[in-house]
Amino acid sequence: MSGAGLAVQGLSVGYGPVRALRRVSLEVPEGAVVTVLGGNGAGKSTLLRAISRTLSFHGGAVTEGTVALDGRRLDTLAPDRVVAAGVCQVPEGRQVFARMTVADNLRAGALGGGGPGRAQALDRVHALFPVLAERANQRAGLLSGGEQQMLAVARALMAAPRVLLLDEPSLGLAPLMARRIADTVREINAQGTSVLLVEQNAALALRLATHAYVLEVGEITLSGPAGELAASDEVRRRYLGVVDEDAAADAETTGARTLTRWEG
Ligand SMILES: Nc1ncnc2c1ncn2[C@@H]1O[C@H](COP(=O)(O)OP(=O)(O)OP(=O)(O)O)[C@@H](O)[C@H]1O
Ligand SMILES: [Mg+2]
């Protein structure tokens, strides 16, 4: 990869004997929103864990490949150093500290940062999510599901990341709340943070992203500009729920799976 950004090269991951990723390569150029689509068990969360170096907490390990930010290797670092390097993950299932207050959850996200940057980060998340300022002293477990997702994203932003890794932020949310989260992702990106968004909600993800990858059983099977993927018959049929008999028949017989190559 030539420019600045996050680069994953030939990454393979196993959980013991289970191979979860096979030679996965992808790029998140500086300032971009990139999405990885895939069904249950495709390896989406595994990919984010491999980047954030949290795989070992789940009994997994990288067996080959590299991850780099602006050419600097991340795959040799401890998880806290990855955060310090500017890459922060919002894990699946909006894991907030339920018994801690909203304010303490945010403080926990800033650990390792601190200083004047912390006050700035807090201002930023309160501007993005005013409800978190209103509920600062409430226990996080009492927030609604959507508000907890906002808190999970806000906590990651407290570390002022350059790249935000988002694991299915819309999962289980009502359409209106999912749309609000999507608007916020757009806003976060407009403020200069790159985003790697993992989603089963392909329609939402393809609207947000500039580029997209499809992950199937641990391998990237399709990639290209988000608009092209959204228009592709195979993606429409498999991920956007569009039923089109002719397109379905075509997709069965076409071997070509890579759309316009994306030159970062
Ligand atoms: N902690 C683990 N131990 C063993 N195998 C695991 C573990 N976590 C995931 N796997 C396996 O690795 C593969 C990829 O799982 P992963 O959770 O990355 O998929 P996913 O795309 O995030 O799925 P979902 O959409 O359901 O969250 C699956 O076969 C899964 O069973
Ligand atoms: Mg997952």
# chains A, B, ... in the order shown; residues from 1 in each chain; ligands from 1
$ residues_near_ligand --ligand "ligand 1" --cutoff "12 Å" --atoms "only C-alpha atoms and all ligand atoms" --output "PDB file with C-alpha atoms, in the first residue's frame"
ATOM      1  CA  SER A  12      -4.449 -15.914   8.819  1.00  0.00           C
ATOM      2  CA  VAL A  13      -5.951 -16.629  12.227  1.00  0.00           C
ATOM      3  CA  GLY A  14      -6.759 -19.792  14.136  1.00  0.00           C
ATOM      4  CA  TYR A  15      -8.593 -20.629  17.344  1.00  0.00           C
ATOM      5  CA  GLY A  16      -6.712 -23.793  18.208  1.00  0.00           C
ATOM      6  CA  PRO A  17      -7.397 -26.116  15.296  1.00  0.00           C
ATOM      7  CA  VAL A  18     -10.184 -23.893  13.917  1.00  0.00           C
ATOM      8  CA  ARG A  19      -8.992 -21.710  11.037  1.00  0.00           C
ATOM      9  CA  ALA A  20     -11.035 -18.540  11.174  1.00  0.00           C
ATOM     10  CA  LEU A  21      -9.222 -16.310   8.635  1.00  0.00           C
ATOM     11  CA  ARG A  22      -7.235 -17.318   5.583  1.00  0.00           C
ATOM     12  CA  VAL A  36     -16.414  -5.695   5.665  1.00  0.00           C
ATOM     13  CA  LEU A  37     -19.641  -7.575   4.987  1.00  0.00           C
ATOM     14  CA  GLY A  38     -20.275 -11.160   5.892  1.00  0.00           C
ATOM     15  CA  GLY A  39     -22.754 -13.484   7.520  1.00  0.00           C
ATOM     16  CA  ASN A  40     -22.568 -15.144  10.924  1.00  0.00           C
ATOM     17  CA  GLY A  41     -19.261 -16.865  11.508  1.00  0.00           C
ATOM     18  CA  ALA A  42     -17.579 -15.343   8.446  1.00  0.00           C
ATOM     19  CA  GLY A  43     -14.715 -14.051  10.599  1.00  0.00           C
ATOM     20  CA  LYS A  44     -15.584 -10.361  10.911  1.00  0.00           C
ATOM     21  CA  SER A  45     -15.039 -10.079  14.662  1.00  0.00           C
ATOM     22  CA  THR A  46     -11.924 -12.223  14.347  1.00  0.00           C
ATOM     23  CA  LEU A  47     -10.498  -9.751  11.844  1.00  0.00           C
ATOM     24  CA  LEU A  48     -11.040  -6.793  14.189  1.00  0.00           C
ATOM     25  CA  ARG A  49      -9.598  -8.724  17.142  1.00  0.00           C
ATOM     26  CA  ALA A  50      -6.518  -9.554  15.092  1.00  0.00           C
ATOM     27  CA  THR A  54      -7.143  -8.814  21.479  1.00  0.00           C
ATOM     28  CA  LEU A  55      -7.334 -12.280  19.874  1.00  0.00           C
ATOM     29  CA  SER A  56      -5.506 -13.963  22.725  1.00  0.00           C
ATOM     30  CA  PHE A  57      -8.338 -12.995  25.105  1.00  0.00           C
ATOM     31  CA  HIS A  58     -10.530 -15.234  22.956  1.00  0.00           C
ATOM     32  CA  GLY A  59      -8.094 -18.107  22.618  1.00  0.00           C
ATOM     33  CA  GLY A  60      -7.062 -17.166  19.084  1.00  0.00           C
ATOM     34  CA  ALA A  61      -3.730 -16.405  17.435  1.00  0.00           C
ATOM     35  CA  PRO A  91     -16.337  -4.708  20.384  1.00  0.00           C
ATOM     36  CA  GLU A  92     -19.425  -6.612  19.354  1.00  0.00           C
ATOM     37  CA  GLY A  93     -22.447  -6.425  21.650  1.00  0.00           C
ATOM     38  CA  LEU A 166     -16.600  -0.902  14.705  1.00  0.00           C
ATOM     39  CA  ASP A 167     -18.075  -4.379  15.192  1.00  0.00           C
ATOM     40  CA  GLU A 168     -21.739  -4.434  14.084  1.00  0.00           C
ATOM     41  CA  PRO A 169     -22.848  -1.200  15.751  1.00  0.00           C
ATOM     42  CA  SER A 170     -26.398  -1.511  14.384  1.00  0.00           C
ATOM     43  CA  LEU A 171     -27.010  -5.062  15.598  1.00  0.00           C
ATOM     44  CA  GLY A 172     -30.279  -5.406  17.510  1.00  0.00           C
ATOM     45  CA  LEU A 197     -16.946  -1.045   9.878  1.00  0.00           C
ATOM     46  CA  VAL A 198     -17.954  -4.667  10.155  1.00  0.00           C
ATOM     47  CA  GLU A 199     -21.644  -5.251   9.470  1.00  0.00           C
ATOM     48  CA  GLN A 200     -24.322  -7.755   8.621  1.00  0.00           C
ATOM     49  CA  ASN A 201     -26.560  -4.817   7.723  1.00  0.00           C
ATOM     50  CA  ALA A 202     -25.134  -4.479   4.223  1.00  0.00           C
ATOM     51  CA  VAL A 214     -17.057  -9.422   1.394  1.00  0.00           C
ATOM     52  CA  LEU A 215     -15.773 -12.036   3.833  1.00  0.00           C
ATOM     53  CA  GLU A 216     -17.020 -15.606   3.465  1.00  0.00           C
ATOM     54  CA  VAL A 217     -15.841 -18.432   5.691  1.00  0.00           C
ATOM     55  CA  GLY A 218     -12.625 -16.625   6.528  1.00  0.00           C
ATOM     56  CA  GLU A 219     -11.703 -15.454   3.042  1.00  0.00           C
ATOM     57  CA  ILE A 220     -12.195 -12.216   1.123  1.00  0.00           C
TER      58      ILE A 220
END
$ select_by_dssp --residues "range 92-168 of chain A" --states "alpha helix (DSSP H)" --output "PyMOL selection string"
chain A and resi 102-110+116-128+130-134+145-157
$ write_last_selection --atoms "N, CA and C atoms" --output "short mmCIF file (atom, residue, chain, number, x, y, z; two decimals), in the first residue's frame"
data_model
loop_
_atom_site.label_atom_id
_atom_site.label_comp_id
_atom_site.auth_asym_id
_atom_site.auth_seq_id
_atom_site.Cartn_x
_atom_site.Cartn_y
_atom_site.Cartn_z
N VAL A 102 -21.94 6.50 33.48
CA VAL A 102 -21.59 6.88 32.11
C VAL A 102 -20.26 7.64 32.11
N ALA A 103 -20.12 8.56 33.05
CA ALA A 103 -18.88 9.36 33.11
C ALA A 103 -17.67 8.48 33.36
N ASP A 104 -17.81 7.48 34.26
CA ASP A 104 -16.67 6.60 34.55
C ASP A 104 -16.34 5.69 33.37
N ASN A 105 -17.36 5.28 32.63
CA ASN A 105 -17.11 4.52 31.41
C ASN A 105 -16.25 5.33 30.45
N LEU A 106 -16.58 6.60 30.32
CA LEU A 106 -15.82 7.46 29.40
C LEU A 106 -14.40 7.68 29.92
N ARG A 107 -14.30 7.85 31.23
CA ARG A 107 -12.97 8.03 31.84
C ARG A 107 -12.10 6.80 31.57
N ALA A 108 -12.72 5.62 31.68
CA ALA A 108 -11.97 4.38 31.45
C ALA A 108 -11.44 4.34 30.01
N GLY A 109 -12.22 4.88 29.08
CA GLY A 109 -11.79 4.90 27.68
C GLY A 109 -10.60 5.80 27.45
N ALA A 110 -10.43 6.79 28.34
CA ALA A 110 -9.34 7.75 28.17
C ALA A 110 -8.07 7.32 28.87
N PRO A 116 -4.73 17.41 28.57
CA PRO A 116 -5.68 18.30 27.93
C PRO A 116 -6.45 17.60 26.82
N GLY A 117 -5.83 16.58 26.22
CA GLY A 117 -6.49 15.83 25.16
C GLY A 117 -7.77 15.19 25.66
N ARG A 118 -7.77 14.82 26.94
CA ARG A 118 -8.92 14.12 27.51
C ARG A 118 -10.14 15.05 27.59
N ALA A 119 -9.94 16.28 28.03
CA ALA A 119 -11.05 17.23 28.11
C ALA A 119 -11.60 17.48 26.71
N GLN A 120 -10.70 17.57 25.75
CA GLN A 120 -11.12 17.79 24.37
C GLN A 120 -11.93 16.61 23.84
N ALA A 121 -11.44 15.40 24.16
CA ALA A 121 -12.13 14.19 23.71
C ALA A 121 -13.52 14.13 24.34
N LEU A 122 -13.62 14.53 25.62
CA LEU A 122 -14.91 14.50 26.30
C LEU A 122 -15.88 15.50 25.67
N ASP A 123 -15.37 16.69 25.34
CA ASP A 123 -16.21 17.68 24.65
C ASP A 123 -16.72 17.11 23.33
N ARG A 124 -15.82 16.42 22.63
CA ARG A 124 -16.19 15.87 21.33
C ARG A 124 -17.30 14.83 21.49
N VAL A 125 -17.18 13.91 22.45
CA VAL A 125 -18.20 12.87 22.55
C VAL A 125 -19.51 13.44 23.10
N HIS A 126 -19.43 14.45 23.94
CA HIS A 126 -20.67 15.07 24.42
C HIS A 126 -21.38 15.82 23.30
N ALA A 127 -20.61 16.40 22.39
CA ALA A 127 -21.22 17.07 21.24
C ALA A 127 -21.87 16.05 20.30
N LEU A 128 -21.20 14.91 20.13
CA LEU A 128 -21.74 13.86 19.26
C LEU A 128 -22.95 13.18 19.88
N PRO A 130 -25.20 14.05 22.95
CA PRO A 130 -25.61 14.89 24.09
C PRO A 130 -26.22 14.09 25.24
N VAL A 131 -26.86 12.96 24.90
CA VAL A 131 -27.52 12.16 25.94
C VAL A 131 -26.50 11.67 26.98
N LEU A 132 -25.26 11.49 26.56
CA LEU A 132 -24.24 10.99 27.49
C LEU A 132 -23.82 12.07 28.48
N ALA A 133 -23.97 13.31 28.10
CA ALA A 133 -23.71 14.40 29.04
C ALA A 133 -24.87 14.50 30.04
N GLU A 134 -26.10 14.35 29.51
CA GLU A 134 -27.28 14.42 30.38
C GLU A 134 -27.30 13.28 31.40
N GLY A 145 -30.59 0.21 24.82
CA GLY A 145 -29.62 -0.49 23.97
C GLY A 145 -28.89 0.47 23.03
N GLY A 146 -29.65 1.37 22.42
CA GLY A 146 -29.04 2.33 21.50
C GLY A 146 -28.10 3.28 22.22
N GLU A 147 -28.52 3.70 23.41
CA GLU A 147 -27.66 4.61 24.18
C GLU A 147 -26.39 3.90 24.64
N GLN A 148 -26.52 2.61 24.96
CA GLN A 148 -25.32 1.85 25.34
C GLN A 148 -24.36 1.73 24.16
N GLN A 149 -24.93 1.56 22.95
CA GLN A 149 -24.07 1.51 21.78
C GLN A 149 -23.36 2.84 21.58
N MET A 150 -24.09 3.95 21.81
CA MET A 150 -23.46 5.27 21.72
C MET A 150 -22.32 5.38 22.73
N LEU A 151 -22.57 4.88 23.95
CA LEU A 151 -21.54 4.95 24.99
C LEU A 151 -20.31 4.12 24.60
N ALA A 152 -20.57 2.94 24.01
CA ALA A 152 -19.46 2.09 23.59
C ALA A 152 -18.60 2.80 22.53
N VAL A 153 -19.27 3.47 21.60
CA VAL A 153 -18.53 4.21 20.56
C VAL A 153 -17.81 5.39 21.19
N ALA A 154 -18.52 6.09 22.09
CA ALA A 154 -17.94 7.27 22.74
C ALA A 154 -16.71 6.89 23.57
N ARG A 155 -16.79 5.75 24.23
CA ARG A 155 -15.66 5.32 25.06
C ARG A 155 -14.42 5.10 24.19
N ALA A 156 -14.63 4.49 23.03
CA ALA A 156 -13.50 4.28 22.12
C ALA A 156 -12.95 5.62 21.63
N LEU A 157 -13.84 6.58 21.41
CA LEU A 157 -13.40 7.90 20.91
C LEU A 157 -12.59 8.67 21.95
#
$ closest_residue --among "A:Ala203, A:Leu111, A:Val90, A:Leu74" --to "ligand 2" --atoms "only C-alpha atoms and all ligand atoms"
A:Val90
$ atom_distance --atom1 "CA of Val195 in chain A" --atom2 "CA of Gly227 in chain A"
17.2 Å
$ select_by_dssp --residues "range 30-260 of chain A" --states "strand (DSSP E or B)" --output "PyMOL selection string"
chain A and resi 33-37+61-69+72-73+87-90+101+139+163-167+194-199+211-216+219-225
$ atom_distance --atom1 "CA of Gly5 in chain A" --atom2 "CA of Ala205 in chain A"
19.7 Å
$ residues_around --residues "range 27-33 of chain A" --least-positions-apart "2" --cutoff "7 Å" --atoms "only C-alpha atoms" --output "PyMOL selection string"
chain A and resi 3-8+35+189+192-196+208-210+264
$ write_last_selection --atoms "N, CA and C atoms" --output "compact mmCIF listing (two decimals), in the first residue's frame"
# COMPACT_ATOMS: atom_id res chain seq x y z
N GLY A 3 -0.18 4.88 0.28
CA GLY A 3 -0.46 6.03 1.13
C GLY A 3 -0.55 5.69 2.60
N ALA A 4 -1.02 6.70 3.38
CA ALA A 4 -1.17 6.50 4.81
C ALA A 4 -2.43 5.70 5.08
N GLY A 5 -2.40 4.96 6.17
CA GLY A 5 -3.59 4.23 6.57
C GLY A 5 -3.26 2.87 7.15
N LEU A 6 -4.34 2.11 7.35
CA LEU A 6 -4.22 0.78 7.94
C LEU A 6 -4.12 -0.25 6.82
N ALA A 7 -3.16 -1.15 6.93
CA ALA A 7 -2.98 -2.18 5.91
C ALA A 7 -2.88 -3.55 6.55
N VAL A 8 -3.75 -4.44 6.11
CA VAL A 8 -3.72 -5.83 6.56
C VAL A 8 -3.24 -6.66 5.38
N THR A 35 -15.90 -0.96 4.71
CA THR A 35 -16.73 -1.94 5.39
C THR A 35 -16.38 -3.36 4.98
N ASN A 189 -16.27 10.32 11.03
CA ASN A 189 -15.37 10.25 9.89
C ASN A 189 -15.09 11.64 9.33
N GLY A 192 -12.32 13.42 10.76
CA GLY A 192 -10.95 13.00 10.45
C GLY A 192 -10.56 11.62 10.91
N THR A 193 -11.49 10.87 11.50
CA THR A 193 -11.17 9.51 11.96
C THR A 193 -11.54 8.50 10.87
N SER A 194 -10.59 7.63 10.52
CA SER A 194 -10.90 6.56 9.57
C SER A 194 -11.72 5.50 10.28
N VAL A 195 -12.54 4.78 9.52
CA VAL A 195 -13.42 3.78 10.13
C VAL A 195 -13.35 2.47 9.36
N LEU A 196 -13.15 1.38 10.11
CA LEU A 196 -13.32 0.04 9.55
C LEU A 196 -14.57 -0.54 10.20
N LEU A 208 -22.57 3.96 3.93
CA LEU A 208 -21.57 4.71 4.70
C LEU A 208 -20.17 4.63 4.10
N ALA A 209 -19.87 3.50 3.50
CA ALA A 209 -18.48 3.22 3.13
C ALA A 209 -18.15 3.68 1.72
N THR A 210 -16.86 3.93 1.50
CA THR A 210 -16.40 4.18 0.15
C THR A 210 -15.98 2.87 -0.51
N GLY A 264 -5.31 1.82 -3.58
CA GLY A 264 -5.23 2.78 -2.45
C GLY A 264 -4.24 3.83 -2.79
$ atom_distance --atom1 "CA of Cys88 in chain A" --atom2 "CA of Leu164 in chain A"
5.2 Å
$ closest_residue --among "A:Ser25, A:Gln95, A:Ser52, A:Thr184" --to "Phe129 in chain A" --atoms "only C-alpha atoms"
A:Thr184
$ residues_around --residues "Leu11 in chain A" --least-positions-apart "4" --cutoff "6 Å" --atoms "only C-alpha atoms" --output "number ranges by chain"
A: 23-24, 64-65
